[in-house]
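Asks: The structure file protein-v8.cif (mmCIF, C-alpha atoms) is provided below.
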data_my_file
loop_
_atom_site.label_atom_id
_atom_site.label_comp_id
_atom_site.auth_asym_id
_atom_site.auth_seq_id
_atom_site.Cartn_x
_atom_site.Cartn_y
_atom_site.Cartn_z
CA MET A 1 120.84 202.92 125.84
CA PHE A 2 121.92 199.34 125.24
CA TRP A 3 119.20 198.64 122.70
CA GLU A 4 120.05 201.81 120.79
CA ALA A 5 123.71 200.77 120.75
CA LEU A 6 122.71 197.30 119.51
CA ARG A 7 120.55 198.81 116.75
CA LEU A 8 123.41 201.03 115.57
CA ALA A 9 125.85 198.10 115.73
CA LEU A 10 123.62 195.84 113.63
CA ARG A 11 123.08 198.65 111.11
CA GLU A 12 126.82 199.10 110.73
CA ILE A 13 127.38 195.34 110.36
CA ARG A 14 124.73 195.14 107.62
CA ARG A 15 126.21 198.16 105.88
CA ASN A 16 129.59 196.40 105.57
CA ALA A 17 128.35 192.81 105.26
CA LEU A 18 131.32 191.47 103.28
CA ARG A 19 133.92 193.05 105.55
CA SER A 20 132.03 191.85 108.62
CA SER A 21 131.93 188.31 107.25
CA LEU A 22 135.66 188.28 106.59
CA THR A 23 136.29 189.82 110.03
CA ILE A 24 134.54 187.00 111.90
CA LEU A 25 136.14 184.26 109.80
CA GLY A 26 138.91 183.75 112.32
CA VAL A 27 136.40 183.30 115.16
CA VAL A 28 134.33 180.93 113.02
CA ILE A 29 137.34 178.75 112.26
CA GLY A 30 138.55 178.83 115.87
CA VAL A 31 135.21 177.85 117.40
CA ALA A 32 134.58 175.21 114.72
CA ALA A 33 138.04 173.71 115.23
CA VAL A 34 137.63 173.49 119.01
CA ILE A 35 134.18 171.89 118.81
CA THR A 36 135.26 169.46 116.07
CA MET A 37 138.37 168.33 117.93
CA VAL A 38 136.66 167.93 121.29
CA THR A 39 133.61 166.16 119.84
CA LEU A 40 135.68 163.74 117.76
CA GLY A 41 137.98 163.17 120.73
CA GLY A 42 135.00 162.35 122.93
CA GLY A 43 133.67 159.95 120.30
CA ALA A 44 137.07 158.27 119.99
CA THR A 45 137.22 157.84 123.77
CA VAL A 46 133.81 156.18 123.83
CA HIS A 47 134.72 154.02 120.83
CA VAL A 48 137.95 152.75 122.40
CA ALA A 49 136.22 152.10 125.74
CA ASN A 50 133.45 150.15 124.02
CA GLN A 51 135.98 148.10 122.06
CA ILE A 52 137.87 147.12 125.20
CA LYS A 53 134.65 146.38 127.08
CA SER A 54 133.54 144.13 124.23
CA LEU A 55 136.39 141.78 125.12
CA GLY A 56 134.39 140.71 128.16
CA SER A 57 132.16 141.72 131.03
CA ASN A 58 134.24 142.93 134.02
CA MET A 59 136.96 140.59 132.83
CA LEU A 60 140.34 139.69 134.29
CA SER A 61 142.86 137.98 132.02
CA ILE A 62 145.50 135.81 133.71
CA ARG A 63 148.60 134.75 131.78
CA PRO A 64 151.86 133.00 132.72
CA GLY A 65 155.12 134.92 132.41
CA GLN A 66 155.85 138.60 132.96
CA GLN A 67 153.54 141.28 131.63
CA PRO A 68 154.67 142.80 128.30
CA ARG A 69 156.14 146.28 128.75
CA GLY A 70 154.76 147.58 125.47
CA PRO A 71 152.96 146.62 122.26
CA GLY A 72 154.53 143.51 120.81
CA GLY A 73 156.70 142.95 123.89
CA ALA A 74 157.44 139.30 124.51
CA ARG A 75 156.66 137.61 127.79
CA GLN A 76 159.30 135.54 129.53
CA THR A 77 158.49 131.84 129.53
CA ALA A 78 156.99 130.52 132.74
CA LYS A 79 155.17 127.45 133.99
CA SER A 80 151.73 127.16 132.46
CA PHE A 81 148.57 126.88 134.51
CA GLU A 82 146.66 123.68 135.13
CA LEU A 83 142.97 122.91 135.43
CA SER A 84 143.45 122.62 139.20
CA ASP A 85 144.37 126.34 139.21
CA VAL A 86 141.12 127.15 137.43
CA ASP A 87 139.14 125.05 139.92
CA ALA A 88 140.90 126.75 142.86
CA ILE A 89 140.03 130.22 141.57
CA ALA A 90 136.39 129.27 141.07
CA ARG A 91 136.24 127.65 144.52
CA ASP A 92 138.26 130.01 146.72
CA ILE A 93 137.72 133.49 145.27
CA GLY A 94 134.47 135.33 146.01
CA GLY A 95 132.65 137.68 143.67
CA ILE A 96 133.31 135.65 140.53
CA ALA A 97 130.62 135.02 137.91
CA ALA A 98 132.56 132.58 135.73
CA VAL A 99 136.08 131.22 135.16
CA ALA A 100 137.24 129.91 131.78
CA PRO A 101 140.51 128.09 131.00
CA THR A 102 141.89 128.78 127.53
CA GLY A 103 144.47 127.50 125.12
CA SER A 104 145.02 128.86 121.64
CA LYS A 105 146.94 128.13 118.47
CA LEU A 106 146.99 129.62 114.99
CA MET A 107 145.82 126.98 112.51
CA THR A 108 144.42 126.69 109.02
CA ALA A 109 140.70 125.92 108.81
CA ILE A 110 139.56 124.21 105.59
CA ASN A 111 136.15 123.64 104.04
CA ALA A 112 136.08 122.12 100.54
CA ASP A 113 138.36 124.39 98.45
CA ALA A 114 138.22 127.32 100.90
CA ASN A 115 140.85 127.76 103.61
CA TRP A 116 141.53 130.44 106.20
CA SER A 117 144.22 130.93 108.84
CA THR A 118 142.50 131.54 112.16
CA SER A 119 142.89 131.23 115.92
CA VAL A 120 141.68 127.96 117.44
CA ILE A 121 140.59 128.39 121.08
CA GLY A 122 140.31 125.45 123.44
CA THR A 123 137.99 126.21 126.37
CA ASP A 124 134.63 125.36 127.93
CA ASN A 125 131.19 126.95 127.97
CA ALA A 126 132.23 129.41 130.68
CA TYR A 127 134.24 131.19 127.98
CA PHE A 128 131.09 132.50 126.36
CA THR A 129 129.82 133.78 129.71
CA VAL A 130 133.08 135.56 130.51
CA ARG A 131 133.26 137.13 127.07
CA ASP A 132 129.54 138.01 127.22
CA TRP A 133 129.22 136.42 123.78
CA PRO A 134 125.84 135.00 122.70
CA LEU A 135 125.22 132.60 119.84
CA ALA A 136 123.67 133.71 116.58
CA ALA A 137 122.65 130.14 115.76
CA GLY A 138 123.23 126.57 116.89
CA ARG A 139 124.24 125.45 120.37
CA LEU A 140 127.14 125.32 122.83
CA PHE A 141 129.06 122.23 123.94
CA THR A 142 127.27 119.51 125.87
CA GLU A 143 128.75 118.21 129.11
CA GLY A 144 129.58 114.93 127.39
CA GLU A 145 131.40 116.72 124.56
CA GLU A 146 133.47 118.74 127.04
CA HIS A 147 134.46 115.69 129.09
CA SER A 148 135.13 113.36 126.19
CA GLY A 149 136.98 115.91 124.10
CA ARG A 150 134.88 115.39 121.01
CA MET A 151 135.91 117.49 117.99
CA VAL A 152 133.01 119.90 117.72
CA CYS A 153 133.34 123.65 117.26
CA VAL A 154 131.63 127.02 117.47
CA ILE A 155 132.89 129.45 114.83
CA GLY A 156 133.03 133.24 114.58
CA ALA A 157 131.38 135.30 111.86
CA THR A 158 134.64 135.93 109.97
CA VAL A 159 135.46 132.23 109.75
CA ARG A 160 131.91 131.49 108.64
CA GLN A 161 132.15 134.11 105.87
CA LYS A 162 135.59 132.94 104.67
CA LEU A 163 134.77 129.22 104.64
CA PHE A 164 131.04 129.07 103.92
CA GLY A 165 130.03 132.41 102.39
CA ALA A 166 126.24 132.58 102.44
CA GLN A 167 125.83 128.84 103.18
CA ASP A 168 124.57 127.53 106.51
CA PRO A 169 127.59 126.11 108.39
CA LEU A 170 125.64 124.22 111.09
CA GLY A 171 126.17 120.49 110.83
CA ALA A 172 128.99 120.82 108.33
CA SER A 173 132.51 119.58 109.02
CA ILE A 174 135.67 121.63 108.67
CA ARG A 175 139.30 120.53 108.98
CA LEU A 176 141.68 122.11 111.46
CA GLY A 177 145.01 121.02 110.09
CA GLY A 178 144.43 117.27 109.71
CA LEU A 179 141.56 117.09 112.22
CA SER A 180 137.88 116.98 111.28
CA CYS A 181 135.56 119.14 113.38
CA GLU A 182 131.76 119.42 113.27
CA VAL A 183 130.31 122.94 113.37
CA ILE A 184 127.58 123.08 116.04
CA GLY A 185 127.28 126.83 116.68
CA LEU A 186 127.76 130.28 115.18
CA LEU A 187 128.79 133.21 117.37
CA ALA A 188 127.12 136.61 117.16
CA VAL A 189 129.17 139.34 115.49
CA LYS A 190 131.48 141.25 117.85
CA GLY A 191 133.53 143.26 115.38
CA GLN A 192 136.99 144.70 115.84
CA ALA A 193 138.52 145.28 119.24
CA THR A 194 141.29 147.73 120.19
CA PHE A 195 144.34 147.84 117.88
CA GLY A 196 142.30 146.36 115.00
CA MET A 197 141.99 142.79 116.32
CA ASP A 198 139.12 140.92 114.63
CA GLN A 199 137.25 139.24 117.47
CA ASP A 200 135.13 137.20 115.05
CA ASP A 201 138.14 135.42 113.53
CA LEU A 202 138.21 132.30 115.74
CA VAL A 203 137.15 128.68 116.12
CA VAL A 204 136.23 127.50 119.62
CA ILE A 205 136.53 123.80 120.53
CA PRO A 206 136.29 121.92 123.86
CA LEU A 207 139.41 122.29 126.01
CA ARG A 208 140.02 118.53 126.34
CA ALA A 209 139.87 118.16 122.56
CA TYR A 210 142.39 120.97 122.22
CA GLN A 211 144.72 119.48 124.84
CA ARG A 212 144.63 115.95 123.45
CA ARG A 213 144.49 116.53 119.70
CA ILE A 214 146.31 119.84 119.21
CA ALA A 215 148.45 120.88 122.18
CA GLY A 216 149.45 117.38 123.24
CA ASN A 217 149.53 118.29 126.95
CA GLN A 218 147.26 119.07 129.90
CA TYR A 219 148.35 122.66 130.39
CA VAL A 220 146.21 125.81 130.28
CA ASP A 221 147.66 128.82 128.44
CA GLY A 222 145.47 131.39 130.15
CA ILE A 223 142.53 131.93 132.47
CA LEU A 224 139.68 134.39 131.96
CA VAL A 225 137.68 135.54 134.97
CA SER A 226 134.36 137.40 134.91
CA VAL A 227 133.65 139.48 138.03
CA ARG A 228 130.08 139.90 139.22
CA ASP A 229 128.41 143.27 138.81
CA GLY A 230 128.92 145.47 141.86
CA VAL A 231 132.09 143.63 142.94
CA SER A 232 135.41 145.46 142.76
CA THR A 233 137.62 144.00 140.03
CA GLY A 234 140.62 145.38 141.90
CA LYS A 235 139.79 143.29 144.99
CA VAL A 236 139.23 140.15 142.94
CA GLN A 237 142.51 140.79 141.11
CA THR A 238 144.37 141.06 144.42
CA ASP A 239 142.74 137.86 145.73
CA VAL A 240 143.60 135.96 142.54
CA GLU A 241 147.21 137.14 142.65
CA ARG A 242 147.53 136.06 146.29
CA LEU A 243 146.02 132.63 145.58
CA LEU A 244 148.21 131.96 142.55
CA ARG A 245 151.36 133.04 144.37
CA GLU A 246 150.55 130.47 147.04
CA ARG A 247 149.84 127.73 144.50
CA ARG A 248 153.02 128.50 142.55
CA ARG A 249 155.03 128.64 145.81
CA LEU A 250 156.37 132.16 145.36
CA VAL A 251 157.97 133.59 148.49
CA PRO A 252 157.17 137.17 149.60
CA GLY A 253 159.18 139.65 147.56
CA GLU A 254 159.78 137.23 144.70
CA GLU A 255 158.64 138.50 141.31
CA ALA A 256 155.52 136.77 140.06
CA ASP A 257 155.81 134.47 137.06
CA PHE A 258 152.30 135.40 135.95
CA PHE A 259 150.28 138.58 135.53
CA VAL A 260 146.64 139.60 135.84
CA MET A 261 145.20 142.25 133.52
CA ASP A 262 142.09 144.17 134.58
CA MET A 263 140.18 145.32 131.51
CA GLN A 264 138.61 148.19 133.45
CA GLN A 265 142.07 149.52 134.24
CA ILE A 266 142.94 149.35 130.55
CA VAL A 267 139.74 151.24 129.73
CA SER A 268 140.64 153.95 132.26
CA ALA A 269 144.22 154.23 131.00
CA VAL A 270 143.30 154.41 127.32
CA SER A 271 140.40 156.79 127.98
CA GLY A 272 142.68 159.04 130.03
CA THR A 273 145.24 159.16 127.22
CA THR A 274 142.56 159.94 124.64
CA LYS A 275 141.10 162.71 126.80
CA THR A 276 144.55 164.25 127.25
CA MET A 277 145.15 164.25 123.51
CA THR A 278 141.69 165.75 122.95
CA ALA A 279 142.40 168.55 125.43
CA LEU A 280 145.75 169.24 123.75
CA LEU A 281 144.20 169.39 120.29
CA GLY A 282 141.40 171.61 121.61
CA ALA A 283 143.94 173.99 123.15
CA VAL A 284 145.89 174.18 119.88
CA ALA A 285 142.67 174.85 117.97
CA ALA A 286 141.72 177.57 120.46
CA VAL A 287 144.78 179.57 119.39
CA SER A 288 142.92 180.45 116.19
CA LEU A 289 140.33 182.21 118.38
CA LEU A 290 143.10 184.54 119.48
CA VAL A 291 143.90 185.23 115.84
CA GLY A 292 140.21 185.91 115.19
CA GLY A 293 140.11 188.35 118.10
CA ILE A 294 143.09 190.25 116.75
CA GLY A 295 141.30 190.47 113.41
CA ILE A 296 138.23 191.96 115.08
CA MET A 297 140.35 194.51 116.93
CA ASN A 298 142.11 195.50 113.72
CA ILE A 299 138.87 196.02 111.80
CA MET A 300 137.29 197.94 114.69
CA LEU A 301 140.29 200.29 114.75
CA VAL A 302 139.85 200.83 111.03
CA SER A 303 136.14 201.44 111.61
CA VAL A 304 136.88 204.06 114.27
CA THR A 305 139.19 205.87 111.86
CA GLU A 306 136.62 205.76 109.06
CA ARG A 307 133.82 207.02 111.32
CA THR A 308 135.76 209.75 113.12
CA ARG A 309 133.50 212.57 111.84
CA GLU A 310 130.37 210.55 112.79
CA ILE A 311 131.76 210.09 116.29
CA GLY A 312 132.58 213.80 116.46
CA VAL A 313 129.01 214.74 115.51
CA ARG A 314 127.55 212.43 118.16
CA LEU A 315 129.83 213.83 120.84
CA ALA A 316 129.13 217.42 119.72
CA ILE A 317 125.35 217.06 120.02
CA GLY A 318 125.59 215.67 123.54
CA ALA A 319 126.42 211.95 123.37
CA MET A 320 128.32 210.74 126.44
CA GLU A 321 131.66 208.97 126.18
CA ASN A 322 130.23 205.80 127.70
CA GLN A 323 127.51 205.78 125.02
CA VAL A 324 130.09 205.89 122.23
CA LEU A 325 132.18 203.26 124.00
CA LEU A 326 129.12 201.00 124.40
CA GLN A 327 128.20 201.39 120.72
CA PHE A 328 131.58 200.17 119.46
CA LEU A 329 131.91 197.53 122.16
CA VAL A 330 128.48 196.09 121.33
CA GLU A 331 129.44 196.04 117.65
CA ALA A 332 132.62 194.08 118.40
CA VAL A 333 130.78 191.60 120.66
CA ALA A 334 128.00 191.17 118.09
CA LEU A 335 130.56 190.36 115.40
CA SER A 336 132.28 187.88 117.68
CA LEU A 337 129.00 186.20 118.73
CA PHE A 338 127.87 185.89 115.11
CA GLY A 339 131.20 184.20 114.45
CA GLY A 340 130.68 181.96 117.46
CA ILE A 341 127.23 180.84 116.32
CA ALA A 342 128.46 180.15 112.79
CA GLY A 343 131.48 178.31 114.22
CA ILE A 344 129.29 176.15 116.44
CA LEU A 345 127.10 175.11 113.51
CA LEU A 346 130.13 174.46 111.31
CA GLY A 347 131.93 172.56 114.07
CA LEU A 348 128.98 170.29 114.83
CA GLY A 349 128.46 169.59 111.14
CA THR A 350 132.15 168.82 110.63
CA ALA A 351 132.22 166.63 113.74
CA LEU A 352 129.16 164.70 112.52
CA ALA A 353 130.77 164.08 109.14
CA GLY A 354 134.10 163.21 110.75
CA ALA A 355 132.49 160.75 113.15
CA ALA A 356 130.82 158.97 110.24
CA ALA A 357 134.08 158.89 108.27
CA LEU A 358 136.13 157.60 111.21
CA ASN A 359 133.40 155.18 112.31
CA VAL A 360 133.26 156.55 115.85
CA PRO A 361 130.11 157.62 117.72
CA PHE A 362 129.02 161.25 117.57
CA VAL A 363 129.02 162.45 121.18
CA PHE A 364 127.28 165.81 121.57
CA ASN A 365 128.98 167.83 124.29
CA ALA A 366 126.68 170.68 125.36
CA TRP A 367 129.31 171.96 127.78
CA ILE A 368 131.94 172.62 125.11
CA VAL A 369 129.30 174.33 122.93
CA LEU A 370 128.40 176.70 125.78
CA VAL A 371 132.07 177.35 126.55
CA ALA A 372 132.81 178.08 122.88
CA PHE A 373 129.88 180.50 122.67
CA PHE A 374 130.89 182.26 125.90
CA PHE A 375 134.51 182.41 124.81
CA SER A 376 133.61 183.93 121.46
CA GLY A 377 131.70 186.68 123.31
CA ALA A 378 134.66 187.19 125.63
CA VAL A 379 136.93 187.59 122.59
CA GLY A 380 134.67 190.43 121.39
CA VAL A 381 134.82 192.16 124.77
CA VAL A 382 138.59 191.82 125.18
CA PHE A 383 139.60 192.80 121.65
CA GLY A 384 136.79 195.31 121.12
CA TYR A 385 137.39 197.35 124.26
CA PHE A 386 140.52 199.16 123.07
CA PRO A 387 139.00 200.41 119.77
CA ALA A 388 135.78 201.36 121.60
CA ARG A 389 137.73 203.29 124.24
CA LYS A 390 139.73 205.03 121.54
CA ALA A 391 136.48 206.15 119.87
CA ALA A 392 134.99 207.37 123.15
CA GLN A 393 138.06 209.46 123.98
CA LEU A 394 138.14 211.37 120.70
CA ASN A 395 138.06 215.15 120.99
CA PRO A 396 134.81 216.34 119.31
CA ILE A 397 136.49 219.37 117.68
CA ASP A 398 139.38 217.31 116.30
CA ALA A 399 136.93 214.63 115.16
CA LEU A 400 134.80 217.17 113.27
CA ARG A 401 137.92 218.49 111.50
CA HIS A 402 138.91 214.97 110.40
CA GLU A 403 138.83 214.35 106.63
#
What does the file become when written as structure tokens?
Replies:
Amino acid sequence: MFWEALRLALREIRRNALRSSLTILGVVIGVAAVITMVTLGGGATVHVANQIKSLGSNMLSIRPGQQPRGPGGARQTAKSFELSDVDAIARDIGGIAAVAPTGSKLMTAINADANWSTSVIGTDNAYFTVRDWPLAAGRLFTEGEEHSGRMVCVIGATVRQKLFGAQDPLGASIRLGGLSCEVIGLLAVKGQATFGMDQDDLVVIPLRAYQRRIAGNQYVDGILVSVRDGVSTGKVQTDVERLLRERRRLVPGEEADFFVMDMQQIVSAVSGTTKTMTALLGAVAAVSLLVGGIGIMNIMLVSVTERTREIGVRLAIGAMENQVLLQFLVEAVALSLFGGIAGILLGLGTALAGAAALNVPFVFNAWIVLVAFFFSGAVGVVFGYFPARKAAQLNPIDALRHE
């Protein structure tokens, strides 16, 4: 009985191909919109998470002052850190892979007639371990260069491109303000991080050189900590906060004059926000499925009216009500499923093009595809049942008299 109903449904769909195509358009658009939004949202979530993770491997960032309350929020001034704080963290806190002191200042780097405003970072070799940042060419600082504060530097790809173009920068000297600095290394390309920050736009010099020649003091602006794999960053963060409170002589209950940021927490927060927005957009897009279902119900009601005499003949020669109901219900579900399949193909194609245009990864989500296909079938059942029941309940005599 089912296969006969399916055969009749497909015959009717082919007979009115144009009307059937227009009928399922709402379902096609609804399914495509849901899949596109969810897929692009998933890709954006992965993209943002990867950008934040590229800042460092299991990294904690420690800064003096109070944590900014929002983008661009200023921190209150507080006592800077010292190298003894860095040594204490490395010595007294377990589960740490590397600790790097940092100082930074925006300066103009000059090579011949080319100049570029960039960030100059004063640190040691642990910085490259914490940031999980390999060299593309050259070498890192020697122990003698770190201790003596010699003006040597490792530059990022953006600085290399702005100052040297296609030339080899190794061994050349650049000027940072009025200071001459020999280029000994070139960092591998990292690309943009979250909020559009260019990670490759920097010049890294030994910390002692930065303190003596640029900052003019022995302070440390910030501390970067890399946590070993398998160790909880939350536990290390708590231990670091406790240690620094003791070293800065903060009494219990007193607000800290420093803050520790856990990059994994930032990843979780941003990913959660992106997923929420994706779910919201998917829900809004799903409304068009409802519109598509109403369109199917409307056309099926029209079809019942047009085929009243046909229904009357079938009932008169012995067809059961449930057979007529099944025929029209199968036709509605078939229309809806055809729309679902077309919508899935359109949605995946649109998501693929959108991912390429937005420069985010294409993340195929088999679950949302299955849900969209199932939901399109459910739309056919829900909105096709009423017209099918109306057809099944027609009086054969009245149906045969219908003009």
Asks: Evaluated on this file, the PyMOL selection byres ((chain A and resi 218-222) around 7) picks out some residues - which ones are they, written as an MDAnalysis selection string?
Replies: chainID A and resid 62:63 80:83 101:103 211 217 223:224
Asks: Please expand the PyMOL selection byres ((chain A and resi 59) around 7) into the concrete residues it hits in this file, giving the result as a list in words.
Replies: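 Checking the PyMOL selection byres ((chain A and resi 59) around 7) against this file, the residues are Gly56, Ser57, Asn58, Leu60, Ser61, Val130, Leu224, Val225, Ser226, Val227, Asp262 and Met263 of chain A.
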Asks: Between A:Ala100, A:Leu348, A:Ala44, A:Arg150, single out the one closest to Thr129 in chain A, counting all atoms listed in the file.
Replies: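 Smallest separation from Thr129 in chain A among the options: A:Ala100.
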Asks: The PyMOL selection byres ((chain A and resi 369) around 10) on the file shown: which residues, as number ranges by chain?
Replies: A: 31-32, 34-35, 38-39, 340-341, 343-345, 347-348, 364-368, 370-375
Asks: When distances are computed from only C-alpha atoms, which of A:Lys162, A:His47, A:Lys190, A:Arg19 shows the smallest separation from Thr108 in chain A?
Replies: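 Selected residue with least distance to Thr108 in chain A: A:Lys162.
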Asks: Fewer than 2 positions away in the same chain doesn't count, so skip those; otherwise give me all residues within 10 Å of range 352-358 of chain A, counting all atoms listed in the file, as a PDB file with C-alpha atoms, in the frame of the given file.
Replies:
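Listed below is the output, selection.pdb:
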ATOM      1  CA  THR A  36     135.260 169.460 116.070  1.00  0.00           C
ATOM      2  CA  MET A  37     138.370 168.330 117.930  1.00  0.00           C
ATOM      3  CA  THR A  39     133.610 166.160 119.840  1.00  0.00           C
ATOM      4  CA  LEU A  40     135.680 163.740 117.760  1.00  0.00           C
ATOM      5  CA  GLY A  41     137.980 163.170 120.730  1.00  0.00           C
ATOM      6  CA  GLY A  43     133.670 159.950 120.300  1.00  0.00           C
ATOM      7  CA  ALA A  44     137.070 158.270 119.990  1.00  0.00           C
ATOM      8  CA  LEU A 346     130.130 174.460 111.310  1.00  0.00           C
ATOM      9  CA  GLY A 347     131.930 172.560 114.070  1.00  0.00           C
ATOM     10  CA  LEU A 348     128.980 170.290 114.830  1.00  0.00           C
ATOM     11  CA  GLY A 349     128.460 169.590 111.140  1.00  0.00           C
ATOM     12  CA  THR A 350     132.150 168.820 110.630  1.00  0.00           C
ATOM     13  CA  VAL A 360     133.260 156.550 115.850  1.00  0.00           C
ATOM     14  CA  PRO A 361     130.110 157.620 117.720  1.00  0.00           C
ATOM     15  CA  PHE A 362     129.020 161.250 117.570  1.00  0.00           C
ATOM     16  CA  VAL A 363     129.020 162.450 121.180  1.00  0.00           C
ATOM     17  CA  PHE A 364     127.280 165.810 121.570  1.00  0.00           C
TER      18      PHE A 364
END
Asks: Between A:Arg139, A:Pro206, A:Arg212, A:Ala166, single out the one closest to Leu187 in chain A, counting all atoms listed in the file.
Replies: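 Checking each of A:Arg139, A:Pro206, A:Arg212, A:Ala166 against Leu187 in chain A, counting all atoms listed in the file, the winner is A:Arg139.
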Asks: Just the residues within 12 Å of Tyr385 in chain A, please, counting all atoms listed in the file, with nothing from its chain fewer than 3 positions along; format it as a short mmCIF file (atom, residue, chain, number, x, y, z; two decimals) with C-alpha atoms, in the coordinates of the input.
Replies:
data_model
loop_
_atom_site.label_atom_id
_atom_site.label_comp_id
_atom_site.auth_asym_id
_atom_site.auth_seq_id
_atom_site.Cartn_x
_atom_site.Cartn_y
_atom_site.Cartn_z
CA GLY A 293 140.11 188.35 118.10
CA ILE A 294 143.09 190.25 116.75
CA ILE A 296 138.23 191.96 115.08
CA MET A 297 140.35 194.51 116.93
CA ASN A 298 142.11 195.50 113.72
CA MET A 300 137.29 197.94 114.69
CA LEU A 301 140.29 200.29 114.75
CA ASN A 322 130.23 205.80 127.70
CA VAL A 324 130.09 205.89 122.23
CA LEU A 325 132.18 203.26 124.00
CA LEU A 326 129.12 201.00 124.40
CA GLN A 327 128.20 201.39 120.72
CA PHE A 328 131.58 200.17 119.46
CA LEU A 329 131.91 197.53 122.16
CA VAL A 330 128.48 196.09 121.33
CA GLU A 331 129.44 196.04 117.65
CA ALA A 332 132.62 194.08 118.40
CA VAL A 333 130.78 191.60 120.66
CA ALA A 378 134.66 187.19 125.63
CA VAL A 379 136.93 187.59 122.59
CA GLY A 380 134.67 190.43 121.39
CA VAL A 381 134.82 192.16 124.77
CA VAL A 382 138.59 191.82 125.18
CA ALA A 388 135.78 201.36 121.60
CA ARG A 389 137.73 203.29 124.24
CA LYS A 390 139.73 205.03 121.54
CA ALA A 391 136.48 206.15 119.87
CA ALA A 392 134.99 207.37 123.15
#
Asks: Extract, using only C-alpha atoms, all DNA, RNA and protein residues at most 12 Å from Leu163 in chain A, discarding same-chain residues fewer than 3 positions from it, and format them as a count of residues only.
Replies: 28
Asks: Tell me, in Å to one decimal, how far CA of Ala215 in chain A is from CA of Met197 in chain A.
Replies: 23.6 Å
Asks: Looking at all atoms listed in the file, which of A:Met151, A:Ala97, A:Ala33, A:Asp198 is the one that sits closest to Ser180 in chain A?
Replies: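 The shortest atom-to-atom distance to Ser180 in chain A comes from A:Met151.
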Asks: Grab the CA of Thr123 in chain A to CA of Leu140 in chain A distance for me, in Å with one decimal place.
Replies: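 Between CA of Thr123 in chain A and CA of Leu140 in chain A the gap works out to 11.4 Å.
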Asks: Could you tell me which of A:Tyr127, A:Leu186, A:Gly95, A:Asp257 comes closest to Leu244 in chain A if we count all atoms listed in the file?
Replies: A:Asp257
Asks: Grab the CA of Arg14 in chain A to CA of Leu335 in chain A distance for me, in Å with one decimal place.
Replies: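 So the answer is 10.8 Å.
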Asks: Determine, counting all atoms listed in the file, which protein, DNA and RNA residues have an atom within 9 Å of an atom of Lys105 in chain A; residues of the same chain fewer than 5 positions away are not included. Present the result as an MDAnalysis selection string.
Replies: chainID A and resid 118:122 214:215
Asks: A:Met261, A:Ala283, A:Ala98, A:Val189: which is nearest Asp229 in chain A, counting only C-alpha atoms?
Replies: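 Of A:Met261, A:Ala283, A:Ala98, A:Val189, the one nearest Asp229 in chain A is A:Ala98, counting only C-alpha atoms.
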Asks: Rebuild N, CA and C atoms on range 364-375 of chain A, as a tab-separated table (two decimals), keeping the file's coordinate frame?
Replies:
chain	number	residue	atom	x	y	z
A	364	PHE	N	127.57	164.37	121.43
A	364	PHE	CA	127.28	165.81	121.57
A	364	PHE	C	127.66	166.27	122.97
A	365	ASN	N	128.50	167.30	123.02
A	365	ASN	CA	128.98	167.83	124.29
A	365	ASN	C	128.43	169.25	124.46
A	366	ALA	N	127.31	169.37	125.17
A	366	ALA	CA	126.68	170.68	125.36
A	366	ALA	C	127.60	171.64	126.10
A	367	TRP	N	128.42	171.10	126.99
A	367	TRP	CA	129.31	171.96	127.78
A	367	TRP	C	130.32	172.68	126.90
A	368	ILE	N	130.93	171.98	125.95
A	368	ILE	CA	131.94	172.62	125.11
A	368	ILE	C	131.28	173.62	124.16
A	369	VAL	N	130.03	173.37	123.77
A	369	VAL	CA	129.30	174.33	122.93
A	369	VAL	C	129.07	175.63	123.70
A	370	LEU	N	128.63	175.51	124.96
A	370	LEU	CA	128.40	176.70	125.78
A	370	LEU	C	129.71	177.45	126.03
A	371	VAL	N	130.77	176.71	126.30
A	371	VAL	CA	132.07	177.35	126.55
A	371	VAL	C	132.54	178.08	125.30
A	372	ALA	N	132.37	177.45	124.14
A	372	ALA	CA	132.81	178.08	122.88
A	372	ALA	C	132.02	179.36	122.62
A	373	PHE	N	130.70	179.32	122.88
A	373	PHE	CA	129.88	180.50	122.67
A	373	PHE	C	130.28	181.62	123.64
A	374	PHE	N	130.47	181.26	124.90
A	374	PHE	CA	130.89	182.26	125.90
A	374	PHE	C	132.26	182.83	125.55
A	375	PHE	N	133.15	181.97	125.12
A	375	PHE	CA	134.51	182.41	124.81
A	375	PHE	C	134.53	183.33	123.61
